[in-house]
Each structure stands twice: as C-alpha cells, then as structure tokens.
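Enquirer: For reference, this is entry-v9.cif, and it has mmCIF, C-alpha atoms and all ligand atoms.
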data_coords
loop_
_atom_site.label_atom_id
_atom_site.label_comp_id
_atom_site.auth_asym_id
_atom_site.auth_seq_id
_atom_site.Cartn_x
_atom_site.Cartn_y
_atom_site.Cartn_z
CA MET A 59 1.87 -0.56 64.45
CA ASP A 60 -0.60 1.83 62.88
CA ILE A 61 0.59 4.78 60.87
CA SER A 62 -0.86 8.10 62.01
CA PRO A 63 -2.20 10.41 59.32
CA LEU A 64 -0.04 13.36 58.38
CA SER A 65 -1.87 16.15 60.12
CA PHE A 66 -1.12 19.47 61.78
CA PRO A 67 -3.02 20.98 64.71
CA ASP A 68 -3.55 24.31 62.95
CA ILE A 69 -4.10 23.13 59.36
CA GLU A 70 -7.57 22.24 58.17
CA LYS A 71 -8.04 18.57 57.40
CA SER A 72 -9.70 19.16 54.04
CA ARG A 73 -8.04 17.94 50.86
CA PRO A 74 -5.59 18.75 49.44
CA LEU A 75 -2.89 19.17 52.06
CA VAL A 76 -0.34 21.27 50.16
CA LEU A 77 3.43 21.47 50.49
CA ALA A 78 5.06 23.99 48.19
CA GLY A 79 8.37 25.67 47.68
CA PRO A 80 11.38 25.64 45.41
CA CYS A 81 13.12 22.53 44.19
CA SER A 82 16.26 23.93 45.84
CA ALA A 83 17.02 26.58 48.38
CA GLU A 84 19.39 28.81 46.36
CA THR A 85 19.84 32.05 48.27
CA GLU A 86 18.32 33.51 51.40
CA GLU A 87 16.50 36.07 49.28
CA GLN A 88 15.01 33.48 46.90
CA VAL A 89 13.87 31.35 49.84
CA MET A 90 12.33 34.24 51.75
CA THR A 91 10.63 35.83 48.73
CA THR A 92 9.14 32.52 47.66
CA ALA A 93 8.03 31.71 51.20
CA ARG A 94 6.41 35.11 51.73
CA GLU A 95 4.53 34.85 48.45
CA LEU A 96 3.39 31.31 49.19
CA SER A 97 2.33 32.25 52.69
CA ALA A 98 0.30 35.15 51.28
CA CYS A 99 -1.53 32.58 49.09
CA GLY A 100 -2.43 30.53 52.14
CA ILE A 101 0.22 27.80 51.79
CA ARG A 102 1.12 26.47 55.24
CA ILE A 103 3.94 24.02 54.51
CA PHE A 104 7.16 25.08 52.82
CA ARG A 105 9.50 22.74 50.98
CA ALA A 106 13.05 23.34 49.75
CA GLY A 107 15.90 20.94 49.07
CA VAL A 108 19.23 21.93 50.58
CA TRP A 109 21.07 18.74 49.61
CA LYS A 110 20.26 17.94 45.98
CA PRO A 111 20.83 14.51 44.47
CA ARG A 112 21.92 15.12 40.90
CA THR A 113 22.13 12.51 38.19
CA LYS A 114 25.51 13.78 37.04
CA PRO A 115 28.28 15.66 38.83
CA GLY A 116 28.74 19.29 38.07
CA GLY A 117 25.13 20.35 38.54
CA PHE A 118 23.90 22.50 41.42
CA GLU A 119 24.15 20.19 44.43
CA GLY A 120 22.44 22.41 46.94
CA VAL A 121 23.63 24.99 49.46
CA GLY A 122 23.89 22.45 52.31
CA GLU A 123 23.48 23.30 55.99
CA GLU A 124 23.47 27.04 55.31
CA GLY A 125 19.99 26.58 53.79
CA LEU A 126 18.65 25.15 57.05
CA LYS A 127 19.08 28.59 58.61
CA TRP A 128 16.88 30.07 55.90
CA LEU A 129 14.22 27.42 56.58
CA ALA A 130 14.31 28.36 60.26
CA LYS A 131 13.82 31.98 59.22
CA VAL A 132 10.84 31.01 57.04
CA LYS A 133 9.28 29.32 60.04
CA ARG A 134 9.93 32.31 62.33
CA GLU A 135 8.68 34.90 59.90
CA THR A 136 5.73 33.20 58.23
CA GLY A 137 4.76 30.51 60.73
CA MET A 138 4.90 27.93 57.95
CA TYR A 139 5.97 24.38 58.66
CA THR A 140 9.20 23.53 56.86
CA SER A 141 10.42 20.45 55.04
CA THR A 142 13.57 19.26 53.33
CA GLU A 143 15.14 16.14 51.82
CA VAL A 144 17.51 13.94 53.79
CA ALA A 145 19.67 11.20 52.31
CA ASN A 146 21.95 10.14 55.18
CA SER A 147 22.30 10.30 58.96
CA GLY A 148 24.37 13.51 58.80
CA HIS A 149 21.51 15.25 56.98
CA VAL A 150 19.01 13.92 59.54
CA LYS A 151 21.03 15.21 62.48
CA ALA A 152 21.53 18.64 60.96
CA ALA A 153 17.88 18.98 59.90
CA LEU A 154 16.52 17.91 63.30
CA LYS A 155 18.90 20.28 65.05
CA ALA A 156 17.71 23.12 62.83
CA GLY A 157 14.08 22.35 63.75
CA VAL A 158 12.84 21.25 60.31
CA ASP A 159 9.29 19.90 60.80
CA ILE A 160 9.07 17.38 57.98
CA LEU A 161 11.84 15.36 56.36
CA TRP A 162 11.45 13.59 53.07
CA ILE A 163 13.34 10.67 51.66
CA GLY A 164 13.96 11.26 47.96
CA ALA A 165 13.26 8.80 45.15
CA ARG A 166 16.91 7.88 44.67
CA THR A 167 17.30 7.15 48.37
CA THR A 168 14.11 5.08 48.81
CA GLY A 169 15.56 2.62 46.32
CA ASN A 170 18.57 2.05 48.60
CA PRO A 171 17.72 -0.02 51.71
CA PHE A 172 21.11 0.71 53.33
CA ALA A 173 20.51 4.44 53.16
CA VAL A 174 16.90 4.13 54.34
CA GLN A 175 18.01 1.99 57.29
CA GLU A 176 20.69 4.53 58.21
CA ILE A 177 18.12 7.34 58.08
CA ALA A 178 15.57 5.34 60.08
CA GLU A 179 18.14 4.69 62.80
CA ALA A 180 19.19 8.35 62.92
CA LEU A 181 15.52 9.28 63.31
CA SER A 182 14.83 6.81 66.09
CA GLY A 183 12.99 8.40 68.99
CA SER A 184 12.15 11.56 67.07
CA GLU A 185 8.60 12.85 66.62
CA VAL A 186 9.38 14.37 63.24
CA ARG A 187 7.09 13.70 60.30
CA VAL A 188 8.62 11.77 57.43
CA LEU A 189 7.60 11.54 53.79
CA VAL A 190 8.75 8.65 51.65
CA LYS A 191 8.92 9.29 47.93
CA ASN A 192 8.48 6.28 45.68
CA PRO A 193 11.70 4.71 44.40
CA VAL A 194 12.66 5.64 40.84
CA ASN A 195 12.01 2.08 39.65
CA PRO A 196 8.43 0.84 39.88
CA ASP A 197 8.97 -1.49 42.83
CA ILE A 198 6.18 -1.21 45.37
CA GLU A 199 7.92 -3.58 47.80
CA LEU A 200 10.91 -1.22 48.09
CA TRP A 201 8.51 1.66 48.76
CA ILE A 202 6.66 -0.30 51.45
CA GLY A 203 9.98 -1.58 52.80
CA ALA A 204 11.16 1.99 53.40
CA VAL A 205 7.93 2.78 55.28
CA GLU A 206 8.42 -0.36 57.40
CA ARG A 207 12.01 0.57 58.25
CA LEU A 208 10.76 3.93 59.57
CA GLN A 209 7.95 2.26 61.51
CA ASN A 210 10.46 -0.14 63.03
CA SER A 211 12.38 2.92 64.27
CA GLY A 212 9.30 4.17 66.06
CA ILE A 213 8.35 6.89 63.55
CA LYS A 214 4.57 7.36 63.67
CA HIS A 215 3.84 10.17 61.27
CA ILE A 216 4.71 8.83 57.86
CA ALA A 217 3.27 9.72 54.48
CA ALA A 218 4.05 8.56 50.95
CA VAL A 219 4.72 10.80 47.97
CA HIS A 220 4.03 9.58 44.47
CA ARG A 221 6.53 11.28 42.14
CA GLY A 222 6.29 8.99 39.14
CA PHE A 223 8.64 6.27 37.92
CA GLY A 224 11.69 6.48 35.70
CA SER A 225 11.51 5.10 32.22
CA TYR A 226 14.01 4.71 29.45
CA GLU A 227 11.54 5.94 26.89
CA LYS A 228 10.91 9.64 27.15
CA GLY A 229 7.31 10.59 26.44
CA LEU A 230 4.90 13.18 27.73
CA PHE A 231 6.03 12.75 31.34
CA ARG A 232 9.41 13.14 32.97
CA ASN A 233 8.46 10.20 35.18
CA LEU A 234 5.61 7.84 34.29
CA PRO A 235 2.64 8.20 36.65
CA GLN A 236 1.77 4.47 36.75
CA TRP A 237 -1.15 5.42 39.00
CA HIS A 238 -1.94 1.78 39.74
CA ILE A 239 1.18 1.59 41.94
CA PRO A 240 0.21 4.30 44.48
CA ILE A 241 -3.36 2.96 44.34
CA GLU A 242 -2.05 -0.46 45.30
CA LEU A 243 0.07 1.13 48.05
CA LYS A 244 -3.06 2.73 49.51
CA ARG A 245 -4.86 -0.61 49.35
CA ARG A 246 -2.01 -2.30 51.22
CA LEU A 247 -1.49 0.53 53.76
CA PRO A 248 -4.89 2.25 54.05
CA SER A 249 -3.92 4.55 56.94
CA LEU A 250 -0.93 6.00 55.08
CA THR A 251 -1.41 9.60 53.94
CA LEU A 252 -0.80 9.70 50.20
CA LEU A 253 0.54 12.80 48.47
CA CYS A 254 1.24 13.39 44.79
CA ASP A 255 4.18 15.36 43.40
CA PRO A 256 2.96 16.48 39.96
CA SER A 257 6.12 18.56 39.44
CA HIS A 258 8.45 15.57 39.19
CA ILE A 259 5.90 13.40 37.36
CA GLY A 260 5.23 15.98 34.65
CA GLY A 261 8.60 17.69 34.55
CA ARG A 262 6.81 20.61 32.90
CA SER A 263 4.81 23.41 34.46
CA GLU A 264 1.81 22.90 32.10
CA LEU A 265 1.26 19.42 33.45
CA ILE A 266 0.90 20.44 37.08
CA TYR A 267 -2.77 21.33 36.88
CA PRO A 268 -4.03 18.21 35.05
CA LEU A 269 -1.89 15.87 37.16
CA SER A 270 -3.03 17.53 40.39
CA GLN A 271 -6.65 17.21 39.33
CA GLN A 272 -6.14 13.56 38.48
CA ALA A 273 -4.50 12.92 41.86
CA MET A 274 -7.45 14.51 43.61
CA ASP A 275 -9.90 12.46 41.53
CA LEU A 276 -7.99 9.35 42.57
CA GLY A 277 -8.45 10.22 46.23
CA PHE A 278 -4.93 11.42 47.08
CA ASP A 279 -4.74 13.38 50.32
CA GLY A 280 -2.37 16.10 49.22
CA LEU A 281 0.11 17.62 46.81
CA MET A 282 3.79 18.52 46.91
CA ILE A 283 4.41 21.17 44.26
CA GLU A 284 7.60 22.97 43.29
CA SER A 285 7.19 26.74 43.35
CA HIS A 286 9.86 29.37 42.80
CA CYS A 287 9.62 33.17 42.90
CA ASN A 288 11.35 33.30 39.50
CA PRO A 289 11.28 29.88 37.80
CA ALA A 290 13.12 31.11 34.69
CA ILE A 291 16.35 31.48 36.66
CA ALA A 292 15.97 28.47 38.98
CA LEU A 293 19.19 26.51 39.52
CA SER A 294 17.41 23.13 39.32
CA ASP A 295 14.23 21.79 37.70
CA LYS A 296 13.39 25.12 36.11
CA GLU A 297 10.92 23.73 33.54
CA GLN A 298 8.64 22.33 36.23
CA GLN A 299 8.59 25.15 38.77
CA ILE A 300 5.72 27.61 38.92
CA THR A 301 5.29 30.96 40.61
CA PRO A 302 3.33 31.12 43.87
CA GLU A 303 0.71 33.13 41.98
CA LEU A 304 0.17 30.40 39.37
CA LEU A 305 0.10 27.79 42.11
CA HIS A 306 -2.67 29.75 43.79
CA THR A 307 -4.67 29.88 40.54
CA ILE A 308 -4.23 26.13 40.00
CA LEU A 309 -5.29 25.27 43.54
CA LYS A 310 -8.42 27.38 43.15
CA ALA A 311 -9.27 25.63 39.87
CA ILE A 312 -8.93 22.08 41.17
CA ILE A 313 -12.26 20.42 41.80
CA ILE A 314 -12.47 18.20 44.84
CA ARG A 315 -15.03 15.46 44.42
CA GLU A 316 -15.92 13.99 47.77
CA THR A 317 -17.90 10.79 47.50
CA THR A 318 -19.93 9.15 50.22
CA ASP A 319 -18.56 5.98 51.78
CA ASP A 320 -20.98 3.80 49.91
CA SER A 321 -20.01 4.81 46.44
CA GLU A 322 -16.37 5.46 47.21
CA SER A 323 -15.17 1.93 46.56
CA LEU A 324 -17.13 1.76 43.31
CA TYR A 325 -15.63 5.08 42.28
CA GLU A 326 -12.12 3.83 43.05
CA LEU A 327 -12.67 0.63 41.11
CA ARG A 328 -13.95 2.57 38.10
CA ARG A 329 -10.90 4.78 38.32
CA GLU A 330 -8.72 1.70 38.24
CA ILE A 331 -10.59 0.47 35.17
CA ASP A 332 -10.04 3.83 33.47
CA GLU A 333 -6.36 3.63 34.29
CA LEU A 334 -6.05 0.08 32.98
CA ASP A 335 -7.87 0.97 29.76
CA GLN A 336 -5.44 3.80 29.26
CA ARG A 337 -2.53 1.42 29.70
CA LEU A 338 -4.08 -1.06 27.27
CA LEU A 339 -4.37 1.67 24.66
CA ASP A 340 -0.81 2.84 25.26
CA LEU A 341 0.45 -0.72 24.90
CA LEU A 342 -1.53 -1.24 21.71
CA SER A 343 -0.14 1.96 20.29
CA LYS A 344 3.39 0.82 21.12
CA ARG A 345 2.70 -2.56 19.52
CA MET A 346 1.45 -0.86 16.35
CA SER A 347 4.56 1.29 16.11
CA ILE A 348 6.68 -1.86 16.23
CA ALA A 349 4.45 -3.47 13.60
CA ARG A 350 5.06 -0.46 11.36
CA GLU A 351 8.79 -0.83 11.86
CA ILE A 352 8.52 -4.49 10.85
CA GLY A 353 6.47 -3.34 7.85
CA ARG A 354 9.30 -1.05 6.75
CA TYR A 355 11.78 -3.91 7.14
CA LYS A 356 9.63 -6.30 5.10
CA LYS A 357 9.25 -3.70 2.39
CA GLN A 358 13.01 -3.04 2.20
CA HIS A 359 13.71 -6.77 2.04
CA SER A 360 10.87 -7.50 -0.38
CA MET A 361 9.10 -9.78 2.07
CA PRO A 362 5.31 -10.24 1.96
CA VAL A 363 3.23 -8.57 4.67
CA LEU A 364 1.38 -11.73 5.60
CA GLN A 365 3.47 -14.44 7.25
CA PRO A 366 0.82 -17.15 7.90
CA LYS A 367 3.12 -19.51 9.85
CA ARG A 368 4.25 -16.82 12.24
CA TYR A 369 0.64 -15.66 12.69
CA GLU A 370 -0.65 -19.17 13.41
CA HIS A 371 2.09 -19.76 15.96
CA LEU A 372 1.45 -16.45 17.66
CA VAL A 373 -2.31 -17.05 18.00
CA THR A 374 -1.99 -20.64 19.23
CA GLU A 375 0.64 -19.73 21.79
CA ARG A 376 -1.30 -16.74 23.17
CA VAL A 377 -4.70 -18.48 23.18
CA SER A 378 -3.30 -21.39 25.18
CA GLN A 379 -2.66 -18.94 28.02
CA ALA A 380 -6.33 -17.89 28.21
CA PRO A 381 -7.57 -20.40 30.84
CA GLY A 382 -4.65 -19.61 33.17
CA LEU A 383 -5.48 -15.92 32.87
CA GLU A 384 -9.16 -16.57 33.66
CA MET A 385 -10.39 -15.66 30.22
CA ASP A 386 -12.34 -17.44 27.52
CA GLU A 387 -10.19 -18.81 24.68
CA GLU A 388 -12.54 -17.53 22.00
CA PHE A 389 -12.42 -14.04 23.51
CA VAL A 390 -8.60 -14.01 23.47
CA ARG A 391 -8.58 -15.30 19.88
CA GLN A 392 -10.91 -12.50 18.76
CA ILE A 393 -8.78 -9.82 20.41
CA LEU A 394 -5.60 -11.17 18.82
CA GLU A 395 -7.26 -11.36 15.41
CA ALA A 396 -8.45 -7.78 15.70
CA ILE A 397 -4.97 -6.60 16.72
CA HIS A 398 -3.35 -8.57 13.92
CA GLU A 399 -5.80 -7.18 11.39
CA GLU A 400 -4.93 -3.60 12.39
CA SER A 401 -1.19 -4.38 12.26
CA VAL A 402 -1.56 -5.80 8.75
CA ARG A 403 -3.60 -2.78 7.68
CA GLN A 404 -0.88 -0.44 8.97
CA GLN A 405 1.87 -2.46 7.28
CA LEU A 406 -0.04 -2.45 3.98
CA GLU A 407 -0.31 1.31 4.23
CA ILE A 408 3.50 1.42 4.39
CA PHE A 409 3.76 -0.90 1.36
CA ASN A 410 1.33 1.24 -0.62
CA LYS A 411 3.17 4.45 0.15
CA GLY A 412 5.50 5.47 -2.67
C1 LIG B 501 12.74 16.93 44.96
O1 LIG B 501 11.65 16.81 45.52
O2 LIG B 501 13.28 18.02 44.73
C2 LIG B 501 13.41 15.71 44.46
C3 LIG B 501 14.72 15.65 44.27
O3 LIG B 501 12.54 14.77 44.19
P1 LIG B 501 12.70 13.22 43.78
O4 LIG B 501 13.43 12.58 44.90
O5 LIG B 501 11.27 12.80 43.69
O6 LIG B 501 13.41 13.19 42.47
MN MN B 502 13.12 19.07 42.01
#
As structure tokens, what does this structure read like?

Expert:
Amino acid sequence: MDISPLSFPDIEKSRPLVLAGPCSAETEEQVMTTARELSACGIRIFRAGVWKPRTKPGGFEGVGEEGLKWLAKVKRETGMYTSTEVANSGHVKAALKAGVDILWIGARTTGNPFAVQEIAEALSGSEVRVLVKNPVNPDIELWIGAVERLQNSGIKHIAAVHRGFGSYEKGLFRNLPQWHIPIELKRRLPSLTLLCDPSHIGGRSELIYPLSQQAMDLGFDGLMIESHCNPAIALSDKEQQITPELLHTILKAIIIRETTDDSESLYELRREIDELDQRLLDLLSKRMSIAREIGRYKKQHSMPVLQPKRYEHLVTERVSQAPGLEMDEEFVRQILEAIHEESVRQQLEIFNKG
C-alpha cells in the first residue's frame, strides 16, 4: 500500500512544511500565547506534548488530557492544525476524541513494537495523520517496522520525523544526526514525507538554524521545531526552545535549493559523500584521541612509542580485508600507514612534552 504525502488542503505544498509549538503544553495561557504568536508568523501547524515521556521520574510529565482542551481552543481561535504525542491506546482515544489533527509517536515509543502495535490498532479506521519519530537507537528496521504497523492498520497519511539518535558520548549534539539513516529511509520508502526535528537533534537553540538548513539541503520536506513564548521558564527542554519571533527569523533565513530532476540524484549522492567524509574525519579524530591516551600510558610505563610487532600485525590483518571490501590492497595499506604515521607523531609530541 502506498503512503500518501503529508499534505493539507489549505497549506501550500512548498518546502518546508513547518510544525511548531512548545515541547509541552504547560498552561492554557502559555499554549494560547505561543499559538497566537506562531499563527501571526504564518505557522499553520501547532505542536505541544501533553503526555511527556521523561527519562527519570520526578520531572514534568505533562498536563494530560486537560491540555487537549487547549489544543482544541488553538484550533478554534487560530485555525491552526494541532498535533500531540501519543504513547498508548488511551492517549490515542483521548486525542482523537478531542479532534487533534496529527498524532506523533515519540522516539522512545517507536523503539517498542508492543506499544506501536497497540497504537496502530487503536488508530485503525481513523483518517488521522501520524508522524513516526525515529527510535532513540539507530535502528532503521525498527523505524520502518513502526511505519509498516501503521500501514497494516489502514493509516494512509504517515510521515517520518528525524530527531537524531542517542549516544553515550555527549558531543555537540544532544542526539547524533546520523543523516545517512533518514537518507536511507527515504531511499527505501520514497513516498514517505520526511521531516526533521532540529530541536531534539541539537538540544540547543543555536543549532536550530544550521540543522534546519542542512535538512533542507538534504531534501527533507519539513521541520518540526519547538517554540515557546518564554523559553527561559519552559518546564521541559528549555535550552532548545525558541520564541516564535526567532523561529520566524530563522525560517526567513533558510535557503531552499530546488534542483531539477536530472541533477537531483547527483546532488543527493554528493550530499551522501559529504556526510560520509564527515564521519570518516570524526572517526579519525576519535582514533587519534585514543592513540594519544595510549601515548600517555606508554610514557608513564616507560614503553617505546614504536611497537613494530603490533604495527605489522595491525597492517596485515586490515589489508587482508581489502578485497572483500572492494578496495585495492595497496590503497588500504597506504591509508593505514598514513594514519599510523599521524598517531606516532601525536604520541611523540606527548613524549616530548615536559
Ligand atoms: C518531543 O517532541 O517533545 C519529544 C518528546 O520528542 P522525542 O520523542 O523525539 O524525544
Ligand atoms: Mn521536547
């Protein structure tokens, strides 16, 4: 069964399709003020979580069904479409009854096939639009599996939301973008509308603009962005929420590059190459940091930097993989030598310090 694109009769089809609103509905006043400000900026789809999945107990877990009334008021007053997160059949029933237009399955729920199946069954026969966020762990099959469960329940309007992937190591991003995963999803399910959630990828308001631009350059159809009338006092995700005014400025600044059909695939492939190069560099940088750690160990234990036996073993073992990986052995040897040379140089620097 084909998936219909996420579209709305009275919203222009041009990119990006934007959903915006607070991480959580907190009070009627916060919801209405944010919605009015967003609507004044031309935003047509409002988001707000009323049931909030929190990593640990004790945090703000959402206002529950009460918030659905505020969403209905947003719709009545501003004409915006409304959306909220559902994580079980009770949520689905309440949200459908309250007339919410779009439901989304959150990252923690997508990773749980029992929950997704329960939601899919509760949605059966409904015309509601459903967004599926990627699971927290980088497992594309789970993501696709959730989409299939919805399709099997007769849901036609499904879209995917890329919100980044959890990682033990904390770096620039709250959740690693791993762009190759949504790109692969689009390759496998070409008719699926693909949105990006830069708020949860970046985890910081400054990253929303560059991540949104990158998503548009990669051909994403739309953006889901957290916006709060007063981010400083938000009850959840305060570092990543932006005011409707800043959202408006960002959306105006984003450049949309539309390519003709002919060059589009070439453009996509080059984008993938750029992404892979970036990952190669990140990996090399990680490898060097481990080499430096080994350097410090060798220094403390008065071991020499060069360990010829270990080096010989490493090169022989890696080079033997070359044919299976469709690469020339000499090419792999040269890369390994270059990497090794830089590791040794960095370790020597440690030895020569102090
Ligand atoms: C959210 O959109 O507020 C949310 C909880 O997102 P995620 O499921 O991506 O963490
Ligand atoms: Mn959030």

Enquirer: Which protein, DNA or RNA residues have an atom within 9 Å of ligand MN 502 (chain B), counting only C-alpha atoms and all ligand atoms, as a PyMOL selection string?

Expert: chain A and resi 80-82+106-107+110+257-258+261+284+294-296+298-299

Enquirer: Using only C-alpha atoms and all ligand atoms, which of A:Ala380, A:Met274, A:Leu77, A:Leu96 sits nearest ligand LIG 501 (chain B)?

Expert: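 Among the listed residues, A:Leu77 lies closest to ligand LIG 501 (chain B).
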
Enquirer: May I have the residues within 10 Å of ligand LIG 501 (chain B), computed using all atoms listed in the file, as a ChimeraX atom specification?

Expert: /A:79-82,105-113,142-145,162-168,190-194,219-224,233,255-259,282-284,294-295

Enquirer: Env of Gly353 (chain A): 12 Å cut, atoms = only C-alpha atoms, seq-sep filter 4 positions within chain, self excluded. Answer as a PyMOL selection string.

Expert: chain A and resi 346-349+357-365+401-411

Enquirer: Selection from above, C-alpha atoms, as a short mmCIF file (atom, residue, chain, number, x, y, z; two decimals), in the coordinates of the input, can you write it?

Expert:
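Saved to part-v8.cif:
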data_model
loop_
_atom_site.label_atom_id
_atom_site.label_comp_id
_atom_site.auth_asym_id
_atom_site.auth_seq_id
_atom_site.Cartn_x
_atom_site.Cartn_y
_atom_site.Cartn_z
CA MET A 346 1.45 -0.86 16.35
CA SER A 347 4.56 1.29 16.11
CA ILE A 348 6.68 -1.86 16.23
CA ALA A 349 4.45 -3.47 13.60
CA LYS A 357 9.25 -3.70 2.39
CA GLN A 358 13.01 -3.04 2.20
CA HIS A 359 13.71 -6.77 2.04
CA SER A 360 10.87 -7.50 -0.38
CA MET A 361 9.10 -9.78 2.07
CA PRO A 362 5.31 -10.24 1.96
CA VAL A 363 3.23 -8.57 4.67
CA LEU A 364 1.38 -11.73 5.60
CA GLN A 365 3.47 -14.44 7.25
CA SER A 401 -1.19 -4.38 12.26
CA VAL A 402 -1.56 -5.80 8.75
CA ARG A 403 -3.60 -2.78 7.68
CA GLN A 404 -0.88 -0.44 8.97
CA GLN A 405 1.87 -2.46 7.28
CA LEU A 406 -0.04 -2.45 3.98
CA GLU A 407 -0.31 1.31 4.23
CA ILE A 408 3.50 1.42 4.39
CA PHE A 409 3.76 -0.90 1.36
CA ASN A 410 1.33 1.24 -0.62
CA LYS A 411 3.17 4.45 0.15
#

Enquirer: For a test of reading the model, state the distance in Å between CA of Ile393 (chain A) and CA of Gln236 (chain A), rounded to one decimal.

Expert: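 So the two atoms, CA of Ile393 (chain A) and CA of Gln236 (chain A), lie 24.1 Å apart.
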
Enquirer: For Gly229 (chain A), which of A:Asp275, A:Ala290, A:Ser263, A:Lys344 is the closest residue, counting only C-alpha atoms?

Expert: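 Checking each of A:Asp275, A:Ala290, A:Ser263, A:Lys344 against Gly229 (chain A), counting only C-alpha atoms, the winner is A:Lys344.
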